[in-house]
Amino acid sequence: MDGAQREILAGNLKRVRERIAAACLRVKRDPREVTLVAVTKSVGPEVMQALIELGVTDIGENRLQAAKEKFPQVPGLWDRTRVKRHFIGHLQTNKVKSVLELFDVIHSVDSLKLAEEIDRRARQLELPTVAAFIEVNVSGEESKQGLPAAEFRAFFMQALRLTHLEWQGLMTMAPLAEEAESVRPLFRRLREMASPFSGDEALLRLASLSMGMSNDFEVAIEEGATHVRIGTALFEGM
Ligand SMILES: *Cc1c(COP(=O)(O)O)cnc(C)c1O
């Protein structure tokens with residue numbers, strides 16, 4: 001990575017942060033409520049390290065194998081006090097142990113079987129708790145992963161008893177749309193699903209919403225996103 005690329009990266013990051021702030025301003029939210037998760041699946045370890053040096057505190061990967069290869073080459077990732085590693089891709093139960101060894105947060109819990117396996121492995125690895133999001137398929141598209149919206153409540157009642165999981169909130173992936181505006185109802189629906197569990201008095205809180213990617217993160221923020229997962233917009237022109 002040369003100086004010119006570093007500058008492009010810094011400029012992209014600055015623009016993404018400005019767009020996050022502008023979206024927050026439109027709906028009177030504090031930009032500090034929104035965590036930028038830089039999705040690094042399309043870039044190598046050097047760019048990941050550069051992002052961390054530029055102040056990015058949250059790194060997301062969607063494939064275990066890629067993380068296994070890249071993470072050891074990114075020294076900045078291992079400063080636990082500064083950087084969190086987010087697993088955002090589909091997770092199979094036989095990969096849970098490795099994912100727990102490499103990541104701090106899992107965004108993609110979409111079945112009870114998977115939640116139980118995370119709970120079991122966390123206990124085995126003597127982790128106090130694992131931060132996790134429940135991934136919901138709000139669009140109902142068959143091709144999309146995620147728990148069907150209609151199963152969410154039943155899932156959640158069962159998930160309550162898993163003591164090694166620390167539920168953060170809900171996650172969704174909107175289908176790719178030409179107009180970001182067209183996915184607004186899906187983001188709104190996710191927020192509405194979480195809202196009975198968002199008050200301070202709720203037994204179990206689902207305070208966070210992981211929603212919004214490069215093409216729709218501003219709409220997601222207007223609808224309450226607390227975590228936006230952004231790749232493409234950070235790496236344009238590099
Ligand atoms: C790739 C990916 C993203 C980021 O997508 P961009 O369009 O590159 O911003 C976000 N979430 C998940 C689950 C992804 O796989």
# chains A, B, ... in the order shown; residues from 1 in each chain; ligands from 1
$ closest_atom_pairs --of "chain A" --to "ligand 1" --cutoff "9 Å" --atoms "only C-alpha atoms and all ligand atoms" --output "Markdown table"
| residue | atom | partner | partner_atom_place_in_ligand_line | distance |
| --- | --- | --- | --- | --- |
| A:Val37 | CA | ligand 1 | 10 (C) | 8.6 |
| A:Ala38 | CA | ligand 1 | 4 (C) | 7.9 |
| A:Val39 | CA | ligand 1 | 4 (C) | 5.5 |
| A:Thr40 | CA | ligand 1 | 1 (C) | 8.0 |
| A:Lys41 | CA | ligand 1 | 1 (C) | 6.6 |
| A:Ser42 | CA | ligand 1 | 8 (O) | 8.0 |
| A:Gly60 | CA | ligand 1 | 11 (N) | 8.0 |
| A:Glu61 | CA | ligand 1 | 15 (O) | 7.4 |
| A:Asn62 | CA | ligand 1 | 15 (O) | 5.3 |
| A:Arg63 | CA | ligand 1 | 15 (O) | 8.5 |
| A:Phe87 | CA | ligand 1 | 13 (C) | 8.5 |
| A:Ile88 | CA | ligand 1 | 13 (C) | 4.8 |
| A:Gly89 | CA | ligand 1 | 13 (C) | 5.2 |
| A:His90 | CA | ligand 1 | 13 (C) | 7.9 |
| A:His107 | CA | ligand 1 | 13 (C) | 8.2 |
| A:Ser108 | CA | ligand 1 | 13 (C) | 8.1 |
| A:Thr172 | CA | ligand 1 | 13 (C) | 8.2 |
| A:Met173 | CA | ligand 1 | 13 (C) | 6.5 |
| A:Leu176 | CA | ligand 1 | 7 (O) | 8.8 |
| A:Ser210 | CA | ligand 1 | 11 (N) | 8.9 |
| A:Met211 | CA | ligand 1 | 11 (N) | 8.0 |
| A:Gly212 | CA | ligand 1 | 10 (C) | 7.3 |
| A:Met213 | CA | ligand 1 | 9 (O) | 4.2 |
| A:Ser214 | CA | ligand 1 | 9 (O) | 3.6 |
| A:Asn215 | CA | ligand 1 | 7 (O) | 6.1 |
| A:Asp216 | CA | ligand 1 | 7 (O) | 8.5 |
| A:Phe217 | CA | ligand 1 | 9 (O) | 8.4 |
| A:Val228 | CA | ligand 1 | 10 (C) | 7.8 |
| A:Arg229 | CA | ligand 1 | 10 (C) | 4.5 |
| A:Ile230 | CA | ligand 1 | 9 (O) | 3.7 |
| A:Gly231 | CA | ligand 1 | 8 (O) | 3.6 |
| A:Thr232 | CA | ligand 1 | 8 (O) | 3.7 |
| A:Ala233 | CA | ligand 1 | 9 (O) | 6.1 |
| A:Leu234 | CA | ligand 1 | 9 (O) | 7.9 |
| A:Phe235 | CA | ligand 1 | 8 (O) | 8.7 |
$ residues_around --residues "Gly169 of chain A" --least-positions-apart "2" --cutoff "12 Å" --atoms "only C-alpha atoms" --output "NGL selection string"
:A and (105-109 or 131-136 or 152 or 156 or 165-167 or 171-172 or 190-198 or 204-211 or 224-227)
$ residues_around --residues "Pro128 of chain A" --least-positions-apart "5" --cutoff "9 Å" --atoms "only C-alpha atoms" --output "ChimeraX atom specification"
/A:122-123,164-165
$ residues_around --residues "Arg184 of chain A" --least-positions-apart "3" --cutoff "7 Å" --atoms "only C-alpha atoms" --output "PyMOL selection string"
chain A and resi 181+187-188+219-220
$ write_last_selection --atoms "N, CA and C atoms" --output "PDB file, in the first residue's frame"
ATOM      1  N   GLU A 181     -34.081   3.971  -0.739  1.00  0.00           N
ATOM      2  CA  GLU A 181     -35.355   4.311  -0.115  1.00  0.00           C
ATOM      3  C   GLU A 181     -36.322   3.116  -0.067  1.00  0.00           C
ATOM      4  N   PHE A 187     -35.974  -1.897   7.276  1.00  0.00           N
ATOM      5  CA  PHE A 187     -35.229  -1.403   8.434  1.00  0.00           C
ATOM      6  C   PHE A 187     -36.184  -0.991   9.552  1.00  0.00           C
ATOM      7  N   ARG A 188     -37.280  -0.373   9.149  1.00  0.00           N
ATOM      8  CA  ARG A 188     -38.269   0.055  10.143  1.00  0.00           C
ATOM      9  C   ARG A 188     -38.861  -1.168  10.847  1.00  0.00           C
ATOM     10  N   VAL A 219     -30.182   5.505   5.030  1.00  0.00           N
ATOM     11  CA  VAL A 219     -31.579   5.186   5.336  1.00  0.00           C
ATOM     12  C   VAL A 219     -31.645   4.358   6.618  1.00  0.00           C
ATOM     13  N   ALA A 220     -30.721   3.414   6.755  1.00  0.00           N
ATOM     14  CA  ALA A 220     -30.702   2.561   7.960  1.00  0.00           C
ATOM     15  C   ALA A 220     -30.500   3.408   9.218  1.00  0.00           C
TER      16      ALA A 220
END
$ select_by_dssp --residues "segment 21-221 of chain A" --states "helix (DSSP H, G or I)" --output "number ranges by chain"
A: 21-26, 31-33, 45-53, 64-73, 75-78, 93-102, 112-124, 149-159, 180-197, 217-221
$ atom_distance --atom1 "atom CA of Thr81 of chain A" --atom2 "atom CA of Asn94 of chain A"
28.6 Å
$ atom_distance --atom1 "atom CA of Ala154 of chain A" --atom2 "atom CA of Val183 of chain A"
25.5 Å
$ select_by_dssp --residues "segment 27-190 of chain A" --states "strand (DSSP E)" --output "PyMOL selection string"
chain A and resi 35-39+58-61+84-87+105-109+130-137+147-148+165-171
$ closest_residue --among "A:Ala50, A:Leu125, A:Met157, A:Val138" --to "Pro175 of chain A" --atoms "only C-alpha atoms"
A:Val138
$ residues_around --residues "segment 114-116 of chain A" --least-positions-apart "6" --cutoff "8 Å" --atoms "only C-alpha atoms" --output "list in words"
Leu91, Gln92, Thr93, Ala159, Leu162 and Leu165 of chain A
$ write_last_selection --atoms "N, CA and C atoms" --output "PDB file, in the first residue's frame"
ATOM      1  N   LEU A  91     -22.947 -18.480   9.652  1.00  0.00           N
ATOM      2  CA  LEU A  91     -22.126 -19.288  10.550  1.00  0.00           C
ATOM      3  C   LEU A  91     -22.693 -20.699  10.687  1.00  0.00           C
ATOM      4  N   GLN A  92     -21.844 -21.676  10.384  1.00  0.00           N
ATOM      5  CA  GLN A  92     -22.246 -23.075  10.557  1.00  0.00           C
ATOM      6  C   GLN A  92     -21.815 -23.532  11.946  1.00  0.00           C
ATOM      7  N   THR A  93     -22.574 -24.443  12.524  1.00  0.00           N
ATOM      8  CA  THR A  93     -22.286 -24.847  13.914  1.00  0.00           C
ATOM      9  C   THR A  93     -20.882 -25.432  14.058  1.00  0.00           C
ATOM     10  N   ALA A 159     -33.974 -18.427  23.677  1.00  0.00           N
ATOM     11  CA  ALA A 159     -32.606 -17.915  23.743  1.00  0.00           C
ATOM     12  C   ALA A 159     -32.300 -17.265  25.089  1.00  0.00           C
ATOM     13  N   LEU A 162     -29.931 -19.039  27.582  1.00  0.00           N
ATOM     14  CA  LEU A 162     -28.530 -19.306  27.245  1.00  0.00           C
ATOM     15  C   LEU A 162     -27.641 -18.280  27.953  1.00  0.00           C
ATOM     16  N   LEU A 165     -24.569 -16.150  26.338  1.00  0.00           N
ATOM     17  CA  LEU A 165     -24.790 -15.219  25.238  1.00  0.00           C
ATOM     18  C   LEU A 165     -25.249 -13.887  25.786  1.00  0.00           C
TER      19      LEU A 165
END
$ decode --residues "segment 133-174 of chain A" --atoms "C-alpha atoms" --output "PDB file, in the first residue's frame"
ATOM      1  CA  PHE A 133     -26.986 -10.255  17.283  1.00  0.00           C
ATOM      2  CA  ILE A 134     -29.984 -12.222  16.065  1.00  0.00           C
ATOM      3  CA  GLU A 135     -30.121 -12.098  12.280  1.00  0.00           C
ATOM      4  CA  VAL A 136     -33.657 -11.748  10.990  1.00  0.00           C
ATOM      5  CA  ASN A 137     -34.836 -12.189   7.435  1.00  0.00           C
ATOM      6  CA  VAL A 138     -37.296  -9.310   7.316  1.00  0.00           C
ATOM      7  CA  SER A 139     -37.676  -9.260   3.568  1.00  0.00           C
ATOM      8  CA  GLY A 140     -38.839 -12.871   3.487  1.00  0.00           C
ATOM      9  CA  GLU A 141     -36.724 -13.493   0.410  1.00  0.00           C
ATOM     10  CA  GLU A 142     -35.847 -17.147   0.210  1.00  0.00           C
ATOM     11  CA  SER A 143     -32.288 -16.514  -0.856  1.00  0.00           C
ATOM     12  CA  LYS A 144     -31.509 -14.451   2.239  1.00  0.00           C
ATOM     13  CA  GLN A 145     -30.203 -15.983   5.407  1.00  0.00           C
ATOM     14  CA  GLY A 146     -31.660 -15.120   8.767  1.00  0.00           C
ATOM     15  CA  LEU A 147     -34.379 -16.271  11.093  1.00  0.00           C
ATOM     16  CA  PRO A 148     -37.859 -15.888   9.552  1.00  0.00           C
ATOM     17  CA  ALA A 149     -39.517 -12.872  11.190  1.00  0.00           C
ATOM     18  CA  ALA A 150     -42.446 -14.998  12.357  1.00  0.00           C
ATOM     19  CA  GLU A 151     -40.123 -17.234  14.373  1.00  0.00           C
ATOM     20  CA  PHE A 152     -38.337 -14.443  16.156  1.00  0.00           C
ATOM     21  CA  ARG A 153     -40.391 -14.332  19.347  1.00  0.00           C
ATOM     22  CA  ALA A 154     -40.366 -18.074  19.934  1.00  0.00           C
ATOM     23  CA  PHE A 155     -36.640 -18.108  19.262  1.00  0.00           C
ATOM     24  CA  PHE A 156     -36.024 -15.281  21.649  1.00  0.00           C
ATOM     25  CA  MET A 157     -37.944 -16.887  24.522  1.00  0.00           C
ATOM     26  CA  GLN A 158     -35.760 -19.972  24.160  1.00  0.00           C
ATOM     27  CA  ALA A 159     -32.606 -17.915  23.743  1.00  0.00           C
ATOM     28  CA  LEU A 160     -33.191 -16.203  27.092  1.00  0.00           C
ATOM     29  CA  ARG A 161     -31.914 -19.221  28.973  1.00  0.00           C
ATOM     30  CA  LEU A 162     -28.530 -19.306  27.245  1.00  0.00           C
ATOM     31  CA  THR A 163     -26.359 -17.750  29.916  1.00  0.00           C
ATOM     32  CA  HIS A 164     -23.176 -17.364  27.891  1.00  0.00           C
ATOM     33  CA  LEU A 165     -24.790 -15.219  25.238  1.00  0.00           C
ATOM     34  CA  GLU A 166     -25.050 -11.497  25.662  1.00  0.00           C
ATOM     35  CA  TRP A 167     -27.688 -10.435  23.163  1.00  0.00           C
ATOM     36  CA  GLN A 168     -26.968  -7.058  21.624  1.00  0.00           C
ATOM     37  CA  GLY A 169     -29.870  -6.668  19.274  1.00  0.00           C
ATOM     38  CA  LEU A 170     -31.098  -7.560  15.810  1.00  0.00           C
ATOM     39  CA  MET A 171     -29.310  -7.664  12.482  1.00  0.00           C
ATOM     40  CA  THR A 172     -30.609  -7.766   8.956  1.00  0.00           C
ATOM     41  CA  MET A 173     -29.368  -7.614   5.419  1.00  0.00           C
ATOM     42  CA  ALA A 174     -31.633  -5.815   3.004  1.00  0.00           C
TER      43      ALA A 174
END
